[in-house]
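Structure data follow from target_3.cif (mmCIF, C-alpha atoms):
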data_model
#
loop_
_atom_site.group_PDB
_atom_site.id
_atom_site.type_symbol
_atom_site.label_atom_id
_atom_site.label_comp_id
_atom_site.auth_asym_id
_atom_site.auth_seq_id
_atom_site.Cartn_x
_atom_site.Cartn_y
_atom_site.Cartn_z
ATOM 1 C CA VAL Q 1 121.898 271.024 163.953
ATOM 2 C CA SER Q 2 122.363 267.917 165.984
ATOM 3 C CA GLN Q 3 125.546 266.088 165.061
ATOM 4 C CA SER Q 4 123.501 262.911 164.735
ATOM 5 C CA ARG Q 5 121.799 264.351 161.646
ATOM 6 C CA TYR Q 6 125.155 265.057 160.023
ATOM 7 C CA ARG Q 7 126.327 261.548 160.824
ATOM 8 C CA ALA Q 8 123.120 259.940 159.590
ATOM 9 C CA MET Q 9 123.246 261.893 156.344
ATOM 10 C CA ALA Q 10 126.942 261.042 155.860
ATOM 11 C CA CYS Q 11 126.058 257.355 156.291
ATOM 12 C CA GLU Q 12 123.274 257.640 153.701
ATOM 13 C CA LYS Q 13 120.516 257.196 156.267
ATOM 14 C CA LEU Q 14 117.161 258.739 155.449
ATOM 15 C CA VAL Q 15 116.600 261.685 157.802
ATOM 16 C CA ILE Q 16 113.195 263.045 158.816
ATOM 17 C CA ALA Q 17 113.461 266.158 160.980
ATOM 18 C CA PRO Q 18 111.455 269.246 161.956
ATOM 19 C CA GLY Q 19 112.276 272.413 160.027
ATOM 20 C CA VAL Q 20 113.538 274.388 163.014
ATOM 21 C CA ASP Q 21 116.757 276.296 163.705
ATOM 22 C CA ASN Q 22 119.167 275.795 160.805
ATOM 23 C CA ILE Q 23 117.936 272.329 159.836
ATOM 24 C CA PRO Q 24 116.502 273.537 156.497
ATOM 25 C CA THR Q 25 119.978 274.732 155.464
ATOM 26 C CA VAL Q 26 121.318 271.202 155.937
ATOM 27 C CA LEU Q 27 118.290 269.053 155.188
ATOM 28 C CA ALA Q 28 116.665 269.939 151.867
ATOM 29 C CA ASP Q 29 113.087 268.653 151.934
ATOM 30 C CA ASN Q 30 112.425 266.087 149.197
ATOM 31 C CA GLU Q 31 116.061 266.191 148.102
ATOM 32 C CA THR Q 32 118.268 265.002 150.973
ATOM 33 C CA GLY Q 33 115.536 263.816 153.340
ATOM 34 C CA PHE Q 34 112.226 264.985 154.714
ATOM 35 C CA SER Q 35 111.327 267.927 156.909
ATOM 36 C CA PHE Q 36 108.122 269.124 158.493
ATOM 37 C CA GLU Q 37 106.976 272.138 160.470
ATOM 38 C CA LYS Q 38 107.352 271.855 164.223
ATOM 39 C CA ASP Q 39 103.749 270.919 165.094
ATOM 40 C CA ASP Q 40 102.631 269.514 161.742
ATOM 41 C CA PHE Q 41 102.005 265.927 162.770
ATOM 42 C CA GLN Q 42 100.140 265.147 159.547
ATOM 43 C CA LYS Q 43 103.242 266.022 157.511
ATOM 44 C CA LEU Q 44 105.394 263.979 159.890
ATOM 45 C CA LYS Q 45 103.035 261.025 159.409
ATOM 46 C CA LEU Q 46 103.140 261.475 155.624
ATOM 47 C CA ASN Q 47 106.949 261.655 155.669
ATOM 48 C CA LEU Q 48 107.205 258.477 157.756
ATOM 49 C CA GLU Q 49 104.783 256.632 155.499
ATOM 50 C CA THR Q 50 106.603 257.796 152.382
ATOM 51 C CA ALA Q 51 109.963 256.737 153.791
ATOM 52 C CA PHE Q 52 108.646 253.359 154.904
ATOM 53 C CA LEU Q 53 106.695 252.519 151.769
ATOM 54 C CA ASN Q 54 109.224 253.859 149.251
ATOM 55 C CA PHE Q 55 112.554 253.276 150.950
ATOM 56 C CA ASP Q 56 114.253 251.614 147.970
ATOM 57 C CA GLN Q 57 113.070 254.343 145.576
ATOM 58 C CA LEU Q 58 114.554 257.032 147.845
ATOM 59 C CA GLU Q 59 118.164 255.994 147.299
ATOM 60 C CA SER Q 60 118.841 259.293 145.515
ATOM 61 C CA TYR Q 61 117.821 261.191 148.685
ATOM 62 C CA ARG Q 62 120.329 259.179 150.715
ATOM 63 C CA LYS Q 63 123.092 259.702 148.159
ATOM 64 C CA ASN Q 64 122.275 263.425 147.888
ATOM 65 C CA ALA Q 65 122.462 263.709 151.673
ATOM 66 C CA ARG Q 66 125.906 262.108 151.820
ATOM 67 C CA LYS Q 67 127.168 264.309 148.988
ATOM 68 C CA LYS Q 68 125.871 267.451 150.705
ATOM 69 C CA ILE Q 69 127.654 266.566 153.959
ATOM 70 C CA LEU Q 70 130.908 265.713 152.203
ATOM 71 C CA ASP Q 71 130.761 268.815 149.985
ATOM 72 C CA GLU Q 72 129.725 271.334 152.648
ATOM 73 C CA TYR Q 73 130.356 270.025 156.166
ATOM 74 C CA SER Q 74 133.225 267.537 156.091
ATOM 75 C CA TYR Q 75 136.454 267.900 158.053
ATOM 76 C CA THR Q 76 138.279 268.784 154.836
ATOM 77 C CA VAL Q 77 135.844 271.612 154.070
ATOM 78 C CA ALA Q 78 135.967 272.918 157.653
ATOM 79 C CA LYS Q 79 139.766 272.815 157.633
ATOM 80 C CA SER Q 80 139.864 274.751 154.379
ATOM 81 C CA LYS Q 81 137.479 277.406 155.762
ATOM 82 C CA TRP Q 82 139.538 277.803 158.954
ATOM 83 C CA ASN Q 83 142.781 278.041 156.962
ATOM 84 C CA HIS Q 84 141.215 280.736 154.822
ATOM 85 C CA ILE Q 85 140.194 282.705 157.919
ATOM 86 C CA PHE Q 86 143.633 282.471 159.520
ATOM 87 C CA GLN Q 87 145.452 283.348 156.294
ATOM 88 C CA LYS Q 88 143.580 286.667 156.189
ATOM 89 C CA LYS Q 89 145.059 287.741 159.539
#
Could I get this file's structure written as structure tokens?
Amino acid sequence: VSQSRYRAMACEKLVIAPGVDNIPTVLADNETGFSFEKDDFQKLKLNLETAFLNFDQLESYRKNARKKILDEYSYTVAKSKWNHIFQKK
């Protein structure tokens, strides 16, 4: 996943991204942002319209995104995972 998506989510920005690679593991559609299939331009259009027309009502998506990044991908979490790996050896 592009680091820009992590940063945007951590800053409570609304992310709209294609569901390719491991993006669906980070970006939960209709929970932490919006995703669409690679060539599904209708869904992309719908996602953009929804985000634009309902931005204020989507605050929970932005907050959920930040929480997900802090809980699963932050420096503190990464450090803990690495420490766990090295303690096993």
message: For the PyMOL selection byres ((chain Q and resi 20-36) around 9), applied here, can you spell out every residue it catches as a ChimeraX atom specification?
response: /Q:1-2,5-6,9,13-19,37-44,47-48,51,58,60-66,68-69
field: Between CA of Tyr75 in chain Q and CA of Glu59 in chain Q - distance in Å to one decimal
entry: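 For CA of Glu59 in chain Q relative to CA of Tyr75 in chain Q, the distance reads 24.3 Å.
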- request: For CA of Phe52 in chain Q and CA of Ser74 in chain Q, quote the distance in Å rounded to one decimal.
  value: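 Interatomic distance, CA of Phe52 in chain Q to CA of Ser74 in chain Q: 28.4 Å.
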Extending 4 Å beyond the listed atoms of range 43-49 of chain Q on each side, what axis-aligned box results? I want centre and edge lengths in Å to one decimal, as lines of an AutoDock Vina configuration file.
center_x = 105.1
center_y = 261.3
center_z = 157.7
size_x = 12.2
size_y = 17.4
size_z = 12.4
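In this comparison, which uses only C-alpha atoms, the residue of Q:Asp71, Q:Leu46, Q:Lys79, Q:Phe55 approaching Ala10 in chain Q most closely is Q:Asp71.
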